[in-house]
Amino acid sequence: MGSGLLERDRELDELRVAASDAAMGRGRVVLLHGEAGIGKSSLVNALRAAPPDGVRVLVGACDAMSTPRPLGPLRDLARSVGPSLGAALRSGDREDVFATLRDELADASGTVLVIEDAHWADEATLDAVRFLARRIDELPAALVVTYRDELDRDHPLGRLLGDLGHGDRVIRIAPRRLTPTAVDALTAGSGLDAGRVFATTAGNPYFVSELVASAGESSAGESGVPQTVVDAITGRLRRLESSTQDHVEQLAVVPSAVDPELLARLVPGSAGALRAAEEGGLLDVSPEGVRFRHELTRRAVVDALPASRRIELERAVLAALLDAGISDPARLVHHALGAGDVDAVVAWAPAAARDAATSGAHRQSAAHYAAALAHADRYETAELADLFEEFAIESYTIGAASAAVSAQVRAVALRRELGDARRLGASLRWLSRFDWFDGHRSDAEAAAREASAVLADAGDEGLYAMALSNEAQLALLAHDTERALDLAARAIAISRETGDHRVLSHALNNHGTGLMFLGDDDGIGELLEAAEAALGVDDIEDAARAFVNLVWALLDQYRLEVADQHLSRAMELTERSEFIGFATYQRMEQARLELARARWDEALALVEPPPGMPHARCVALTVAGTVRLRRGDEGADALLDEANRLAAELGELQRMGPVAAARAEAALLRGDAVAALAIARPEFDEADRRRAPALRAELAYLLRRAGDDLAVPPDDPHPFSIQARGDWRAAAEAWHAAGAPYHEAAALAESPDPADLVEALAILDRIGAVPLARKVRADLRERGVRSIPRGPTSLTRGNPDGLTDRQLDVLRLLADGLTNAEIADRLVLSVRTVDSHVAAVLAKLGVASRQEAVRIAEERDLLST
């Protein structure tokens, strides 16, 4: 074939078709994946060399740096794109980059944008890929993402692949290893035994080509990169003149293409001095610079260097970058760390961290702050306080709550030394938030009180209003609603007077949530206003919190459709911004929604395994325990006991109440009314005292079932209140309207009419609610009903791999080659839910890709289970 590639016609044709479709306005996402050396870059280069008419190919590569550059592969494109995008990339402003990148692609006649080696990408780059992929239908562009399959289950790319791995315009290309026939053709005339080469390389194209290029120079060995290949590369290097070897080694410590300016400083004579290395197949030289033919080649050279030599080479690169005036902080920090140059790390790591935070690469930002703070003694007190606080904020953003608290404690201590009341109060407010997030409520309240006291006379009304709003938030979380409303109202008044939209958003958030807790729908408008105000000042945290609070309150009220609508928008916002803590919490809200709809497998897919953050973990354990309880699965009590212990530690009614309700329900299903009363009554009294109507309604219903009739407000429209008043018919209708079939069946089961019990039984059998169905059948038998529906004869709840029935369904459809969107259509689920199921299947089977999951399933005969 014209590209010179063997056994790659199909893959290259697919790439060219995607490029041609892009030129005709039919955007595509192409996921080009496989092991290292399988030929992903070769396919990209072949397309780049001969694209369809009218199509430009832009290629940006992610580099194997200790901490990736924010938007690194996109910034590499700055010289090849229009001035607007170039300026945005140079500034690093996330939203500006996204908007101008979309415009750049929209204004061209056809573009293939390649992001190579996305397994090394920073968060901001992954967000840009997600942003484009969601809009690819509107763009005359093909977005090609190349990556290695060897991803662990927590790899940041994995979540993105879950988002991208569905839809009619997503193409997956997985090049296969070469066949013995192709290896035989490649080794012809080399003197090598084709069979031994195939056995050594298993058909990996890169490994084969390296052995052929160094025929006779390699020896046997075993490693991730076969020792024969390592020997082949180093053998070819050692055959070059010593000066050329020095140049190659120097370039090997640069984990990216070396541009002409840097090349001239590192290699006297530049391209001419590298001719032998190019002819020997080690380097690719072009007017744009020099790079190694393959990352594995560069890695082999680096790994063969003695530590002292590598440090020397890293120092040379660092000096050359500084001499050239290249002020890319992430690159400088990477080489400073490699060179052991503490002065350079101290000078550049804070800038790299702030640059990453601006771009939305929060994990990378935290890593750079950690590098700086490893040398805390090198900073002045004021700057050190800022660094600890900024590190704490970034740690909080990525969900590392304990790290955030530890860093902020240091920041507060330094603020006390400095004696600036304004800065101290602001830092105490942050510490309060981080303490709560880490599950330390008493510490959070102490920090909040001190923050307000310090700021009351500090001369900054905006910070004082924020401190009041923070206290309101803590009161709200404790269901001290009246105090929360009072504090939030004071903060709103100050913020409206000062015009501080960020504080206004925070305070409206708390006031609106308090209203929702009391059943006042004015809270909806306040929460939406809070979100818009936050977005207006680019405050993603408070916008996300407003949506979280709104959805939570709507779920408490069982207004499931409205909750679903707001949750979808909220999840898109937090996923795009990579606010991990809120994204996790929203996933717990999605699980609550699925639980309410009696979609058991979908709920479990969202909460297993439970997240590490204590508040989200408590929700996850409660949902998982309730699902297992209602289905009759083993392990329900253990999960609810763990949730109960965690809720007690957190000490908040919003955690303790739902756990108590689930445990009381478990006792009632066991027929133990005494235990149900003992569990539910204390939390009912607390919910009544704190005016938490939704929780009070649920506990009142459970207490009534246990024999404790309580006075329930006659005008409370909550379905649980209707049921607690004994109006089972109206309750069943309300539950049906809400879309909550388990509760509808439970209400029908209270009817004196056997026909209603039979109707309840049909619902319970359909959703797999075994324990309650068993009780209804027993009730029908006691009433003398003879013709009782038998129900399902078997309910397969799992298998040796722990897959649920729904996950087995998904796995079978994966084996049929369906995309997530097609699976969603087939099973009548949302694509997001299918994404969660696919992720759970991969995790339970211990694999990183869909293809591996199908292979394991076939080996274990799961597809016929």
# chains A, B, ... in the order shown; residues from 1 in each chain; ligands from 1
call {"tool": "residues_around", "arguments": {"residues": "A:Ile679", "least_positions_apart": "3", "cutoff": "8 Å", "atoms": "only C-alpha atoms", "output": "ChimeraX atom specification"}}
result
/A:660-661,663-664,675-676,682-683
call {"tool": "residues_around", "arguments": {"residues": "stretch 328-336 of chain A", "least_positions_apart": "3", "cutoff": "6 Å", "atoms": "only C-alpha atoms", "output": "mmCIF file with all heavy atoms, in the first residue's frame"}}
result
data_model
loop_
_atom_site.group_PDB
_atom_site.id
_atom_site.type_symbol
_atom_site.label_atom_id
_atom_site.label_comp_id
_atom_site.auth_asym_id
_atom_site.auth_seq_id
_atom_site.Cartn_x
_atom_site.Cartn_y
_atom_site.Cartn_z
ATOM 1 N N ARG A 69 2.088 19.329 30.893
ATOM 2 C CA ARG A 69 1.800 20.744 30.650
ATOM 3 C C ARG A 69 0.302 20.945 30.446
ATOM 4 O O ARG A 69 -0.316 20.211 29.682
ATOM 5 C CB ARG A 69 2.517 21.230 29.384
ATOM 6 C CG ARG A 69 4.016 21.342 29.485
ATOM 7 C CD ARG A 69 4.569 21.941 28.205
ATOM 8 N NE ARG A 69 4.226 21.145 27.032
ATOM 9 C CZ ARG A 69 4.043 21.636 25.809
ATOM 10 N NH1 ARG A 69 4.118 22.931 25.583
ATOM 11 N NH2 ARG A 69 3.780 20.834 24.807
ATOM 12 N N GLU A 314 19.841 16.789 32.114
ATOM 13 C CA GLU A 314 18.672 17.574 32.525
ATOM 14 C C GLU A 314 19.079 19.021 32.830
ATOM 15 O O GLU A 314 18.364 19.969 32.475
ATOM 16 C CB GLU A 314 18.017 16.950 33.761
ATOM 17 C CG GLU A 314 17.373 15.589 33.529
ATOM 18 C CD GLU A 314 15.981 15.684 32.937
ATOM 19 O OE1 GLU A 314 15.605 16.762 32.436
ATOM 20 O OE2 GLU A 314 15.264 14.661 32.972
ATOM 21 N N LEU A 318 17.613 22.472 31.073
ATOM 22 C CA LEU A 318 17.076 23.562 31.874
ATOM 23 C C LEU A 318 17.785 24.874 31.545
ATOM 24 O O LEU A 318 17.144 25.918 31.345
ATOM 25 C CB LEU A 318 17.215 23.235 33.364
ATOM 26 C CG LEU A 318 16.700 24.287 34.345
ATOM 27 C CD1 LEU A 318 15.204 24.546 34.144
ATOM 28 C CD2 LEU A 318 16.971 23.847 35.785
ATOM 29 N N ALA A 339 16.930 17.577 37.247
ATOM 30 C CA ALA A 339 18.296 18.048 37.482
ATOM 31 C C ALA A 339 18.600 18.222 38.965
ATOM 32 O O ALA A 339 19.760 18.459 39.329
ATOM 33 C CB ALA A 339 18.504 19.380 36.766
ATOM 34 N N GLY A 340 17.575 18.123 39.800
ATOM 35 C CA GLY A 340 17.786 18.363 41.217
ATOM 36 C C GLY A 340 18.096 19.814 41.524
ATOM 37 O O GLY A 340 18.755 20.125 42.522
ATOM 38 N N ASP A 341 17.608 20.726 40.687
ATOM 39 C CA ASP A 341 17.871 22.156 40.846
ATOM 40 C C ASP A 341 16.768 22.762 41.719
ATOM 41 O O ASP A 341 15.712 23.178 41.224
ATOM 42 C CB ASP A 341 17.914 22.833 39.476
ATOM 43 C CG ASP A 341 18.402 24.277 39.546
ATOM 44 O OD1 ASP A 341 18.178 24.923 40.580
ATOM 45 O OD2 ASP A 341 18.975 24.747 38.551
ATOM 46 N N ALA A 344 15.511 26.362 40.921
ATOM 47 C CA ALA A 344 14.591 26.461 39.789
ATOM 48 C C ALA A 344 13.203 25.951 40.158
ATOM 49 O O ALA A 344 12.188 26.514 39.736
ATOM 50 C CB ALA A 344 15.146 25.699 38.591
ATOM 51 N N VAL A 345 13.149 24.877 40.947
ATOM 52 C CA VAL A 345 11.846 24.370 41.388
ATOM 53 C C VAL A 345 11.128 25.433 42.211
ATOM 54 O O VAL A 345 9.943 25.721 42.001
ATOM 55 C CB VAL A 345 12.010 23.075 42.205
ATOM 56 C CG1 VAL A 345 10.665 22.658 42.823
ATOM 57 C CG2 VAL A 345 12.542 21.943 41.331
ATOM 58 N N TRP A 348 9.915 28.299 39.847
ATOM 59 C CA TRP A 348 8.963 28.067 38.771
ATOM 60 C C TRP A 348 7.754 27.201 39.146
ATOM 61 O O TRP A 348 6.720 27.263 38.485
ATOM 62 C CB TRP A 348 9.673 27.428 37.575
ATOM 63 C CG TRP A 348 10.591 28.388 36.895
ATOM 64 C CD1 TRP A 348 11.948 28.488 37.026
ATOM 65 C CD2 TRP A 348 10.208 29.427 35.997
ATOM 66 N NE1 TRP A 348 12.443 29.509 36.260
ATOM 67 C CE2 TRP A 348 11.393 30.112 35.613
ATOM 68 C CE3 TRP A 348 8.992 29.851 35.470
ATOM 69 C CZ2 TRP A 348 11.382 31.189 34.729
ATOM 70 C CZ3 TRP A 348 8.972 30.921 34.605
ATOM 71 C CH2 TRP A 348 10.155 31.582 34.231
ATOM 72 N N ALA A 349 7.840 26.392 40.191
ATOM 73 C CA ALA A 349 6.710 25.509 40.525
ATOM 74 C C ALA A 349 5.440 26.286 40.870
ATOM 75 O O ALA A 349 4.345 25.903 40.441
ATOM 76 C CB ALA A 349 7.092 24.556 41.649
ATOM 77 N N ALA A 352 3.921 27.350 37.636
ATOM 78 C CA ALA A 352 3.364 26.186 36.928
ATOM 79 C C ALA A 352 2.032 25.773 37.547
ATOM 80 O O ALA A 352 1.085 25.415 36.839
ATOM 81 C CB ALA A 352 4.355 25.029 36.968
#
call {"tool": "residues_around", "arguments": {"residues": "stretch 18-25 of chain A", "least_positions_apart": "6", "cutoff": "7 Å", "atoms": "only C-alpha atoms", "output": "number ranges by chain"}}
result
A: 52, 55, 109-112, 139-142
call {"tool": "select_by_dssp", "arguments": {"residues": "stretch 19-220 of chain A", "states": "strand (DSSP E or B)", "output": "mmCIF file with N, CA and C atoms, in the first residue's frame"}}
result
data_model
loop_
_atom_site.group_PDB
_atom_site.id
_atom_site.type_symbol
_atom_site.label_atom_id
_atom_site.label_comp_id
_atom_site.auth_asym_id
_atom_site.auth_seq_id
_atom_site.Cartn_x
_atom_site.Cartn_y
_atom_site.Cartn_z
ATOM 1 N N ARG A 28 -16.681 13.597 13.307
ATOM 2 C CA ARG A 28 -16.433 12.270 13.852
ATOM 3 C C ARG A 28 -15.453 12.368 15.023
ATOM 4 N N VAL A 29 -15.601 11.465 15.979
ATOM 5 C CA VAL A 29 -14.571 11.233 16.995
ATOM 6 C C VAL A 29 -13.974 9.866 16.700
ATOM 7 N N VAL A 30 -12.670 9.803 16.597
ATOM 8 C CA VAL A 30 -11.979 8.545 16.320
ATOM 9 C C VAL A 30 -11.095 8.223 17.518
ATOM 10 N N LEU A 31 -11.340 7.100 18.143
ATOM 11 C CA LEU A 31 -10.517 6.627 19.251
ATOM 12 C C LEU A 31 -9.564 5.571 18.708
ATOM 13 N N LEU A 32 -8.313 5.928 18.569
ATOM 14 C CA LEU A 32 -7.279 5.061 17.994
ATOM 15 C C LEU A 32 -6.425 4.556 19.151
ATOM 16 N N HIS A 33 -6.579 3.293 19.484
ATOM 17 C CA HIS A 33 -5.971 2.813 20.721
ATOM 18 C C HIS A 33 -5.301 1.455 20.537
ATOM 19 N N GLY A 34 -4.394 1.173 21.427
ATOM 20 C CA GLY A 34 -3.679 -0.098 21.393
ATOM 21 C C GLY A 34 -2.422 -0.010 22.239
ATOM 22 N N ARG A 56 -7.051 19.677 6.328
ATOM 23 C CA ARG A 56 -5.779 19.896 7.015
ATOM 24 C C ARG A 56 -5.697 18.949 8.210
ATOM 25 N N VAL A 57 -4.483 18.557 8.566
ATOM 26 C CA VAL A 57 -4.263 17.663 9.693
ATOM 27 C C VAL A 57 -3.414 18.399 10.722
ATOM 28 N N LEU A 58 -3.978 18.616 11.895
ATOM 29 C CA LEU A 58 -3.268 19.248 13.001
ATOM 30 C C LEU A 58 -2.955 18.186 14.042
ATOM 31 N N VAL A 59 -1.714 18.098 14.464
ATOM 32 C CA VAL A 59 -1.299 17.056 15.406
ATOM 33 C C VAL A 59 -0.653 17.702 16.620
ATOM 34 N N GLY A 60 -1.189 17.402 17.784
ATOM 35 C CA GLY A 60 -0.589 17.821 19.047
ATOM 36 C C GLY A 60 -0.342 16.592 19.891
ATOM 37 N N ALA A 61 0.827 16.526 20.516
ATOM 38 C CA ALA A 61 1.199 15.334 21.268
ATOM 39 C C ALA A 61 1.291 15.627 22.752
ATOM 40 N N THR A 111 -11.015 19.636 8.974
ATOM 41 C CA THR A 111 -9.839 19.509 9.818
ATOM 42 C C THR A 111 -9.829 18.149 10.490
ATOM 43 N N VAL A 112 -8.651 17.538 10.544
ATOM 44 C CA VAL A 112 -8.427 16.390 11.414
ATOM 45 C C VAL A 112 -7.542 16.887 12.551
ATOM 46 N N LEU A 113 -8.084 16.906 13.756
ATOM 47 C CA LEU A 113 -7.321 17.315 14.930
ATOM 48 C C LEU A 113 -6.932 16.050 15.695
ATOM 49 N N VAL A 114 -5.634 15.820 15.789
ATOM 50 C CA VAL A 114 -5.127 14.620 16.439
ATOM 51 C C VAL A 114 -4.528 14.983 17.787
ATOM 52 N N ILE A 115 -4.986 14.313 18.829
ATOM 53 C CA ILE A 115 -4.368 14.410 20.154
ATOM 54 C C ILE A 115 -3.659 13.084 20.400
ATOM 55 N N GLU A 116 -2.351 13.093 20.270
ATOM 56 C CA GLU A 116 -1.579 11.852 20.400
ATOM 57 C C GLU A 116 -1.210 11.577 21.856
ATOM 58 N N ALA A 141 -15.097 18.528 11.341
ATOM 59 C CA ALA A 141 -13.819 18.104 11.916
ATOM 60 C C ALA A 141 -13.884 16.653 12.362
ATOM 61 N N ALA A 142 -12.732 16.011 12.305
ATOM 62 C CA ALA A 142 -12.560 14.692 12.906
ATOM 63 C C ALA A 142 -11.591 14.858 14.070
ATOM 64 N N LEU A 143 -12.007 14.448 15.236
ATOM 65 C CA LEU A 143 -11.166 14.511 16.425
ATOM 66 C C LEU A 143 -10.597 13.117 16.658
ATOM 67 N N VAL A 144 -9.297 12.965 16.459
ATOM 68 C CA VAL A 144 -8.636 11.672 16.605
ATOM 69 C C VAL A 144 -7.853 11.672 17.910
ATOM 70 N N VAL A 145 -8.161 10.728 18.776
ATOM 71 C CA VAL A 145 -7.499 10.613 20.071
ATOM 72 C C VAL A 145 -6.761 9.281 20.096
ATOM 73 N N THR A 146 -5.446 9.324 20.241
ATOM 74 C CA THR A 146 -4.680 8.076 20.328
ATOM 75 C C THR A 146 -4.268 7.850 21.778
ATOM 76 N N TYR A 147 -4.291 6.590 22.189
ATOM 77 C CA TYR A 147 -3.915 6.286 23.571
ATOM 78 C C TYR A 147 -3.584 4.806 23.694
ATOM 79 N N ARG A 148 -2.841 4.503 24.742
ATOM 80 C CA ARG A 148 -2.510 3.114 25.048
ATOM 81 C C ARG A 148 -3.637 2.473 25.850
ATOM 82 N N VAL A 170 -18.890 8.072 16.831
ATOM 83 C CA VAL A 170 -17.659 7.669 17.515
ATOM 84 C C VAL A 170 -17.154 6.389 16.879
ATOM 85 N N ILE A 171 -15.920 6.435 16.418
ATOM 86 C CA ILE A 171 -15.302 5.290 15.745
ATOM 87 C C ILE A 171 -14.155 4.792 16.607
ATOM 88 N N ARG A 172 -14.104 3.514 16.830
ATOM 89 C CA ARG A 172 -12.991 2.921 17.571
ATOM 90 C C ARG A 172 -12.114 2.131 16.607
ATOM 91 N N ILE A 173 -10.843 2.431 16.624
ATOM 92 C CA ILE A 173 -9.888 1.711 15.782
ATOM 93 C C ILE A 173 -8.821 1.116 16.692
#
call {"tool": "closest_residue", "arguments": {"among": "A:Glu7, A:Asp231, A:Asp601, A:Asp377", "to": "A:Pro175", "atoms": "only C-alpha atoms"}}
result
A:Glu7
call {"tool": "residues_around", "arguments": {"residues": "A:Asp564", "least_positions_apart": "3", "cutoff": "10 Å", "atoms": "only C-alpha atoms", "output": "ChimeraX atom specification"}}
result
/A:551,554-555,559-561,567-570,589-590,593-594
call {"tool": "residues_around", "arguments": {"residues": "A:Ala624", "least_positions_apart": "2", "cutoff": "9 Å", "atoms": "only C-alpha atoms", "output": "list in words"}}
result
Ala591, Leu595, Trp600, Ala603, Leu604, Val607, Glu608, Pro610, Val619, Ala620, Leu621, Thr622, Thr626, Val627, Arg628, Leu629, Ala636, Leu639 and Leu640 of chain A
call {"tool": "residues_around", "arguments": {"residues": "stretch 771-779 of chain A", "least_positions_apart": "2", "cutoff": "6 Å", "atoms": "only C-alpha atoms", "output": "VMD selection string"}}
result
chain A and resid 632 761 764 781 to 782
call {"tool": "atom_distance", "arguments": {"atom1": "atom CA of A:Ala446", "atom2": "atom CA of A:Thr513"}}
result
22.7 Å
call {"tool": "residues_around", "arguments": {"residues": "stretch 424-428 of chain A", "least_positions_apart": "4", "cutoff": "7 Å", "atoms": "only C-alpha atoms", "output": "PyMOL selection string"}}
result
chain A and resi 412+415-416+420+432+447-448+451+454-455+463
call {"tool": "write_last_selection", "arguments": {"atoms": "N, CA and C atoms", "output": "short mmCIF file (atom, residue, chain, number, x, y, z; two decimals), in the first residue's frame"}}
result
data_model
loop_
_atom_site.label_atom_id
_atom_site.label_comp_id
_atom_site.auth_asym_id
_atom_site.auth_seq_id
_atom_site.Cartn_x
_atom_site.Cartn_y
_atom_site.Cartn_z
N VAL A 412 -3.35 28.77 57.88
CA VAL A 412 -3.96 29.55 58.96
C VAL A 412 -2.91 29.90 60.02
N ARG A 415 -0.94 32.73 58.73
CA ARG A 415 -1.73 33.98 58.73
C ARG A 415 -1.75 34.58 60.15
N ARG A 416 -1.80 33.73 61.15
CA ARG A 416 -1.79 34.25 62.53
C ARG A 416 -0.47 34.97 62.80
N ASP A 420 -2.60 39.77 59.78
CA ASP A 420 -3.54 40.44 58.89
C ASP A 420 -4.93 39.82 59.13
N SER A 432 -12.82 26.03 57.40
CA SER A 432 -14.12 25.52 57.82
C SER A 432 -14.72 24.63 56.73
N ALA A 447 -13.95 26.80 63.24
CA ALA A 447 -13.27 27.68 62.29
C ALA A 447 -14.23 28.72 61.73
N ALA A 448 -15.48 28.32 61.49
CA ALA A 448 -16.47 29.25 60.95
C ALA A 448 -16.78 30.37 61.94
N ALA A 451 -13.87 32.73 62.05
CA ALA A 451 -13.80 33.54 60.83
C ALA A 451 -14.74 34.73 60.91
N VAL A 454 -13.42 37.28 63.51
CA VAL A 454 -12.24 38.01 63.04
C VAL A 454 -12.63 39.05 62.00
N LEU A 455 -13.55 38.69 61.11
CA LEU A 455 -13.89 39.56 59.98
C LEU A 455 -14.92 40.64 60.33
N LEU A 463 -15.99 39.97 52.69
CA LEU A 463 -15.48 38.79 53.38
C LEU A 463 -16.32 38.45 54.61
#
